[in-house]
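Shown next: start_9.txt, containing compact mmCIF, C-alpha atoms.
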# COMPACT_ATOMS: atom_id res chain seq x y z
CA MET A 15 5.17 6.51 -25.85
CA TRP A 16 8.11 8.23 -24.16
CA ASN A 17 11.87 7.88 -24.47
CA LEU A 18 12.95 7.40 -20.84
CA THR A 19 16.53 8.50 -21.57
CA SER A 20 15.64 11.86 -23.11
CA GLY A 21 12.19 12.38 -21.58
CA GLU A 22 10.83 13.17 -25.03
CA PRO A 23 7.69 11.67 -26.63
CA VAL A 24 8.21 9.04 -29.33
CA GLY A 25 6.04 9.82 -32.34
CA GLU A 26 2.38 10.76 -32.21
CA PRO A 27 -0.06 9.33 -29.66
CA ILE A 28 -1.52 5.93 -30.56
CA THR A 29 -5.25 6.30 -31.20
CA GLY A 30 -8.17 4.01 -31.90
CA HIS A 31 -10.29 3.74 -28.77
CA THR A 32 -13.61 5.57 -28.92
CA GLY A 33 -13.65 6.36 -25.20
CA PRO A 34 -11.20 7.33 -22.45
CA VAL A 35 -8.32 4.89 -21.87
CA ARG A 36 -8.38 3.80 -18.21
CA ALA A 37 -5.81 0.99 -18.08
CA ILE A 38 -2.53 0.06 -19.75
CA ALA A 39 0.13 -2.66 -19.50
CA THR A 40 3.00 -3.93 -21.62
CA ALA A 41 3.77 -7.47 -22.82
CA VAL A 42 5.71 -9.42 -25.45
CA VAL A 43 3.77 -11.38 -28.07
CA ASP A 44 5.65 -13.57 -30.59
CA GLY A 45 8.83 -11.70 -29.75
CA GLN A 46 7.30 -8.25 -30.36
CA PRO A 47 6.77 -5.62 -27.66
CA VAL A 48 3.10 -4.67 -27.34
CA VAL A 49 0.89 -2.54 -25.15
CA VAL A 50 -2.52 -3.69 -23.92
CA THR A 51 -5.13 -1.01 -23.23
CA GLY A 52 -8.60 -0.96 -21.68
CA SER A 53 -11.19 1.73 -22.28
CA ASP A 54 -14.61 3.12 -21.49
CA ASP A 55 -15.60 1.84 -24.94
CA HIS A 56 -15.79 -1.64 -23.30
CA THR A 57 -12.89 -3.02 -25.38
CA VAL A 58 -9.38 -4.28 -24.77
CA ARG A 59 -6.90 -3.54 -27.56
CA VAL A 60 -3.37 -4.76 -28.33
CA TRP A 61 -0.90 -2.48 -30.12
CA ASP A 62 2.49 -3.25 -31.71
CA LEU A 63 4.91 -0.75 -30.16
CA VAL A 64 7.25 -0.87 -33.17
CA THR A 65 4.70 -0.28 -35.93
CA ARG A 66 2.25 1.55 -33.62
CA GLN A 67 -0.57 -0.42 -35.26
CA GLN A 68 -3.38 -2.33 -33.59
CA LEU A 69 -2.90 -6.10 -33.67
CA GLY A 70 -6.06 -7.91 -34.68
CA SER A 71 -9.57 -6.96 -33.70
CA PRO A 72 -10.49 -5.46 -30.32
CA LEU A 73 -10.96 -8.01 -27.54
CA THR A 74 -14.64 -7.83 -26.72
CA GLY A 75 -16.82 -9.30 -24.00
CA HIS A 76 -16.93 -6.68 -21.27
CA THR A 77 -20.23 -4.78 -21.18
CA ALA A 78 -18.93 -1.70 -19.35
CA ALA A 79 -15.72 0.30 -18.91
CA VAL A 80 -12.48 -1.70 -18.63
CA CYS A 81 -10.90 -0.26 -15.48
CA SER A 82 -7.73 -2.32 -15.08
CA VAL A 83 -5.26 -4.46 -17.05
CA ALA A 84 -2.38 -6.71 -15.98
CA THR A 85 -0.20 -8.99 -18.09
CA THR A 86 1.82 -12.13 -17.38
CA VAL A 87 3.22 -15.25 -19.05
CA THR A 88 1.98 -18.75 -18.14
CA THR A 89 3.23 -21.97 -19.78
CA GLY A 90 4.84 -19.82 -22.44
CA GLN A 91 1.64 -18.00 -23.33
CA PRO A 92 1.28 -14.21 -22.95
CA LEU A 93 -1.91 -13.43 -21.03
CA ALA A 94 -3.83 -10.31 -20.09
CA VAL A 95 -6.19 -10.03 -17.12
CA THR A 96 -8.84 -7.32 -17.27
CA GLY A 97 -11.28 -5.97 -14.68
CA SER A 98 -14.38 -3.97 -15.49
CA SER A 99 -17.22 -1.98 -13.98
CA ASP A 100 -19.44 -4.78 -15.33
CA LYS A 101 -18.23 -6.66 -12.18
CA THR A 102 -16.27 -9.29 -14.12
CA VAL A 103 -12.65 -10.39 -14.49
CA ARG A 104 -11.59 -11.81 -17.87
CA VAL A 105 -8.39 -13.59 -18.93
CA TRP A 106 -7.17 -13.34 -22.54
CA ASN A 107 -4.55 -15.18 -24.58
CA LEU A 108 -2.76 -12.28 -26.29
CA ALA A 109 -1.38 -14.50 -29.06
CA THR A 110 -4.85 -15.67 -30.18
CA GLY A 111 -7.09 -12.90 -28.87
CA GLU A 112 -9.34 -15.47 -27.19
CA GLU A 113 -10.50 -15.82 -23.59
CA ILE A 114 -8.92 -18.83 -21.91
CA SER A 115 -11.75 -19.36 -19.40
CA PRO A 116 -15.26 -18.14 -18.60
CA PRO A 117 -15.41 -14.66 -17.05
CA GLY A 118 -15.23 -14.44 -13.27
CA VAL A 119 -18.35 -12.77 -11.89
CA SER A 120 -18.00 -13.03 -8.12
CA HIS A 121 -17.47 -9.34 -7.40
CA HIS A 122 -20.52 -7.39 -6.26
CA ARG A 123 -19.17 -4.03 -7.38
CA TRP A 124 -16.80 -2.64 -10.03
CA VAL A 125 -13.45 -4.41 -10.40
CA ARG A 126 -11.11 -1.45 -10.03
CA ALA A 127 -7.66 -3.08 -9.91
CA VAL A 128 -5.96 -6.30 -11.03
CA ALA A 129 -2.48 -7.80 -10.63
CA THR A 130 -0.89 -11.23 -10.98
CA ALA A 131 1.20 -13.37 -8.64
CA THR A 132 2.30 -16.97 -8.06
CA ILE A 133 1.28 -19.10 -5.07
CA LYS A 134 3.33 -22.29 -4.65
CA GLY A 135 3.99 -22.42 -8.38
CA LYS A 136 0.38 -21.73 -9.36
CA PRO A 137 -0.38 -18.46 -11.21
CA VAL A 138 -3.16 -16.35 -9.68
CA THR A 139 -4.83 -13.01 -10.13
CA VAL A 140 -5.35 -10.53 -7.31
CA THR A 141 -8.31 -8.22 -7.86
CA GLY A 142 -9.82 -5.34 -5.92
CA SER A 143 -13.30 -3.87 -6.23
CA TRP A 144 -15.29 -0.75 -5.49
CA ASN A 145 -16.77 -2.25 -2.29
CA GLY A 146 -13.30 -2.87 -0.86
CA SER A 147 -13.06 -6.61 -1.37
CA ILE A 148 -9.85 -8.31 -2.56
CA ARG A 149 -10.16 -11.65 -4.36
CA ILE A 150 -7.60 -14.29 -5.31
CA ARG A 151 -8.38 -16.31 -8.44
CA ASP A 152 -6.69 -19.24 -10.18
CA LEU A 153 -5.37 -17.67 -13.38
CA ASN A 154 -5.97 -20.76 -15.53
CA THR A 155 -9.59 -21.34 -14.50
CA ASN A 156 -10.52 -17.79 -13.41
CA ARG A 157 -12.16 -19.30 -10.31
CA GLU A 158 -11.73 -18.02 -6.77
CA THR A 159 -9.22 -19.92 -4.66
CA GLY A 160 -10.99 -19.46 -1.33
CA THR A 161 -8.15 -17.42 0.21
CA HIS A 162 -9.02 -13.73 0.38
CA PRO A 163 -7.53 -10.84 2.35
CA SER A 164 -9.99 -9.62 4.96
CA GLY A 165 -10.68 -6.28 6.60
CA ARG A 166 -11.07 -4.21 3.43
CA TYR A 167 -14.83 -3.96 2.99
CA GLY A 168 -16.21 -0.44 2.83
CA VAL A 169 -13.14 1.28 1.33
CA SER A 170 -12.78 1.07 -2.44
CA VAL A 171 -9.57 -0.57 -3.64
CA GLN A 172 -7.98 2.00 -5.93
CA GLN A 173 -4.74 0.25 -6.93
CA ILE A 174 -3.05 -3.15 -6.54
CA ALA A 175 0.54 -4.17 -7.23
CA THR A 176 2.34 -7.40 -6.37
CA VAL A 177 5.96 -8.14 -5.48
CA THR A 178 7.91 -10.97 -3.84
CA VAL A 179 9.06 -10.28 -0.27
CA GLY A 180 11.17 -12.90 1.48
CA GLY A 181 10.18 -15.46 -1.11
CA GLN A 182 6.45 -14.87 -0.59
CA PRO A 183 4.01 -13.06 -2.91
CA VAL A 184 2.76 -9.81 -1.37
CA ALA A 185 -0.03 -7.55 -2.62
CA ILE A 186 0.17 -3.79 -2.05
CA THR A 187 -3.14 -1.90 -2.06
CA SER A 188 -4.35 1.67 -1.85
CA GLY A 189 -7.90 2.95 -1.33
CA ASN A 190 -9.86 5.97 -2.50
CA ASP A 191 -10.09 7.43 1.02
CA TRP A 192 -7.57 10.20 1.78
CA ASP A 193 -6.96 8.68 5.23
CA GLU A 194 -6.46 5.14 3.91
CA THR A 195 -2.87 3.95 4.26
CA VAL A 196 -1.13 1.65 1.78
CA LYS A 197 -1.52 -1.90 3.04
CA LEU A 198 0.56 -5.05 2.46
CA TRP A 199 -1.08 -8.48 2.26
CA ASP A 200 0.36 -11.99 2.18
CA VAL A 201 -1.25 -13.39 -0.98
CA THR A 202 -0.82 -16.99 0.21
CA THR A 203 -2.58 -16.59 3.57
CA GLY A 204 -4.76 -13.56 2.89
CA GLN A 205 -3.47 -11.83 6.05
CA GLN A 206 -2.35 -8.22 6.31
CA VAL A 207 1.39 -8.14 7.00
CA GLY A 208 2.08 -4.43 7.19
CA GLU A 209 1.41 -0.96 5.87
CA LEU A 210 3.37 1.96 4.49
CA PRO A 211 3.41 5.36 6.27
CA THR A 212 1.57 7.22 3.52
CA ASP A 213 -2.08 7.87 2.71
CA GLY A 214 -4.16 9.34 -0.11
CA VAL A 215 -2.22 7.34 -2.69
CA GLN A 216 -3.71 7.62 -6.18
CA ALA A 217 -1.29 5.34 -8.05
CA LEU A 218 1.27 2.72 -7.12
CA THR A 219 3.52 0.07 -8.60
CA ALA A 220 6.14 -2.35 -7.30
CA THR A 221 9.38 -3.85 -8.54
CA THR A 222 12.69 -5.31 -7.35
CA VAL A 223 15.88 -3.24 -7.37
CA LYS A 224 19.16 -5.06 -6.69
CA GLY A 225 17.25 -7.84 -4.96
CA ARG A 226 15.20 -5.50 -2.76
CA PRO A 227 11.38 -5.25 -3.11
CA ILE A 228 10.41 -1.64 -3.82
CA ALA A 229 7.02 0.11 -3.88
CA VAL A 230 6.57 3.38 -5.75
CA THR A 231 3.57 5.52 -4.79
CA ALA A 232 2.07 8.80 -6.03
CA ARG A 233 -0.27 11.05 -4.10
CA HIS A 234 -1.86 14.47 -4.43
CA ALA A 235 0.81 17.17 -4.11
CA SER A 236 -1.12 19.12 -1.46
CA ARG A 237 -1.36 16.11 0.89
Give the structure from the file, written as structure tokens.
Amino acid sequence: MWNLTSGEPVGEPITGHTGPVRAIATAVVDGQPVVVTGSDDHTVRVWDLVTRQQLGSPLTGHTAAVCSVATTVTTGQPLAVTGSSDKTVRVWNLATGEEISPPGVSHHRWVRAVATATIKGKPVTVTGSWNGSIRIRDLNTNRETGTHPSGRYGVSVQQIATVTVGGQPVAITSGNDWDETVKLWDVTTGQQVGELPTDGVQALTATTVKGRPIAVTARHASR
């Protein structure tokens, strides 16, 4: 944990996973700020950021490394979506520690990235895999919606972030190819709607600043 005002670390690192931590996201559970982590030890863990203690038992079900985590709130319930190299997507109720639906198993390769969005009032997940596919799933049922961005196969999806642009949900993706540009997709139609003039992006996120949708990207310094 870091103090963003001073740039200094807050306390000692939080430990407990028995393998490398590959994914992290924040949430609020019962009014308390928490962090949700995914690891090579196949588990998802929830930590109280005030006490720095793990909340409950590890969330188990994945049979390989947990590569990605996203959080959201639906009908008042805090949820986490996790993607794994076991080719599944799982959705967890963070208040109870239980899965809210059967795991999604449609991906043919590792699920490398996950994000959440809303299509016409319905919450969805946007997931990207090692083989380059992007899938849209109903968050409540964890089933595919039938609308998927096309043209990605062959280039691994490294990162996904979502943001609202002009009232529409947009997914921003990067690949693991140095020549792959950052692409923008309309989540509702599955069509590519643009790209950003940068390549070799290793990490990205998106937010809104003073009403304007903003993407933040990071790439290798030598590129």
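With distances taken over all atoms listed in the file, A:Thr221 is the one residue among A:Thr19, A:Ser98, A:Thr51, A:Thr221 lying closest to Thr176 of chain A.
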6 Å per side around segment 72-75 of chain A: axis-aligned box centre and edge lengths, as lines of an AutoDock Vina configuration file:
center_x = -13.7
center_y = -7.4
center_z = -27.2
size_x = 18.3
size_y = 15.8
size_z = 18.3
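Closest approach to Thr40 of chain A among A:Ala127, A:Ile150, A:Val215, A:Val60: A:Val60, based on all atoms listed in the file.
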**Report entry** Coordinates-based distance that separates atom CA of Asp191 of chain A from atom CA of Thr102 of chain A (Å, one decimal)
**Finding:** 23.4 Å
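Non-sequential neighbours of Val138 of chain A (distance at most 6 Å, separation of 2 or more positions within a chain, only C-alpha atoms) are Thr130, Ala131, Thr132, Arg151, Asp152 and Leu153 of chain A.
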Atoms to include: C-alpha atoms. Write the selected residues as a PDB file, in the coordinates of the input.
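Output file result08.pdb follows:
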ATOM      1  CA  THR A 130      -0.890 -11.230 -10.980  1.00  0.00           C
ATOM      2  CA  ALA A 131       1.200 -13.370  -8.640  1.00  0.00           C
ATOM      3  CA  THR A 132       2.300 -16.970  -8.060  1.00  0.00           C
ATOM      4  CA  ARG A 151      -8.380 -16.310  -8.440  1.00  0.00           C
ATOM      5  CA  ASP A 152      -6.690 -19.240 -10.180  1.00  0.00           C
ATOM      6  CA  LEU A 153      -5.370 -17.670 -13.380  1.00  0.00           C
TER       7      LEU A 153
END
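Distance-wise, atom CA of Ser143 of chain A and atom CA of Val196 of chain A end up 15.6 Å apart.
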Report task. Have a look at atom CA of Trp192 of chain A and atom CA of Thr231 of chain A and let me know their distance in Å, one decimal. Result -> 13.8 Å
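If you count only C-alpha atoms and ignore residues fewer than 6 places along the chain from Val201 of chain A, what sits within 8 Å of it is Ile133, Ile150, His162, Pro163, Gln182, Pro183, Val184 and Ala185 of chain A.
Each of A:Val80, A:Val119, A:Val207, A:Leu198 was checked against Ala229 of chain A using all atoms listed in the file; the smallest atom-to-atom distance is that of A:Leu198.
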Query raised in the report: Within 8 Å of His56 of chain A, counting only C-alpha atoms, which residues qualify if same-chain residues fewer than 5 places away don't, as a count of residues only?
Result: 7
Could you produce a table of the residues of segment 121-197 of chain A lying within 10 Å of segment 83-95 of chain A, with the nearest pair of atoms per residue and their separation in Å rounded to one decimal, using all atoms listed in the file, ordered by chain and increasing residue number, as a Markdown table?
| residue | atom | partner | partner_atom | distance |
| --- | --- | --- | --- | --- |
| A:Arg126 | CA | A:Val83 | CA | 9.6 |
| A:Ala127 | CA | A:Val83 | CA | 7.7 |
| A:Val128 | CA | A:Ala84 | CA | 6.1 |
| A:Ala129 | CA | A:Ala84 | CA | 5.5 |
| A:Thr130 | CA | A:Ala84 | CA | 6.9 |
| A:Ala131 | CA | A:Thr86 | CA | 8.8 |
| A:Lys136 | CA | A:Thr88 | CA | 9.4 |
| A:Pro137 | CA | A:Thr88 | CA | 7.3 |
| A:Thr139 | CA | A:Val95 | CA | 7.7 |
| A:Val140 | CA | A:Val95 | CA | 9.9 |
| A:Thr141 | CA | A:Val95 | CA | 9.7 |
| A:Leu153 | CA | A:Val95 | CA | 8.5 |
| A:Asn154 | CA | A:Thr88 | CA | 8.6 |
| A:Asn156 | CA | A:Val95 | CA | 9.6 |
| A:Ala175 | CA | A:Ala84 | CA | 9.6 |
Query - Exercise: residues within 9 Å of coordinate (-9.2, -13.3, -29.1), counting all atoms listed in the file, as a PyMOL selection string - result: chain A and resi 70-74+106-113
Query raised in the report: Closest to Thr159 of chain A among A:Gly204, A:Thr219, A:Lys101, A:Thr195, using all atoms listed in the file?
Result: A:Gly204
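The shell of residues at most 7 Å from Ser170 of chain A, with all atoms listed in the file counted and near chain neighbours (fewer than 4 positions) removed, consists of Ser143, Trp144, Asn145, Gly146, Gly189 and Asn190 of chain A.
The smallest atom-to-atom distance between Gly160 of chain A and any of A:Asn17, A:Gln172, A:Thr203, A:Thr178, using all atoms listed in the file, is found for A:Thr203.
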Query raised in the report: Using all atoms listed in the file, which residue out of A:Gly142, A:Trp16, A:Lys224, A:Val125 lies closest to Thr187 of chain A?
Result: A:Gly142
Requested in this report: With a distance cut-off of 6 Å and only C-alpha atoms, select the neighbouring residues of segment 43-50 of chain A, excluding the residue or stretch itself and same-chain residues fewer than 2 positions from it, and output the selection as a ChimeraX atom specification.
Outcome: /A:38-41,59-63
For the residues in the current selection, export C-alpha atoms as a CSV table (one decimal), in the frame of the given file.
chain,number,residue,atom,x,y,z
A,38,ILE,CA,-2.5,0.1,-19.8
A,39,ALA,CA,0.1,-2.7,-19.5
A,40,THR,CA,3.0,-3.9,-21.6
A,41,ALA,CA,3.8,-7.5,-22.8
A,59,ARG,CA,-6.9,-3.5,-27.6
A,60,VAL,CA,-3.4,-4.8,-28.3
A,61,TRP,CA,-0.9,-2.5,-30.1
A,62,ASP,CA,2.5,-3.2,-31.7
A,63,LEU,CA,4.9,-0.8,-30.2
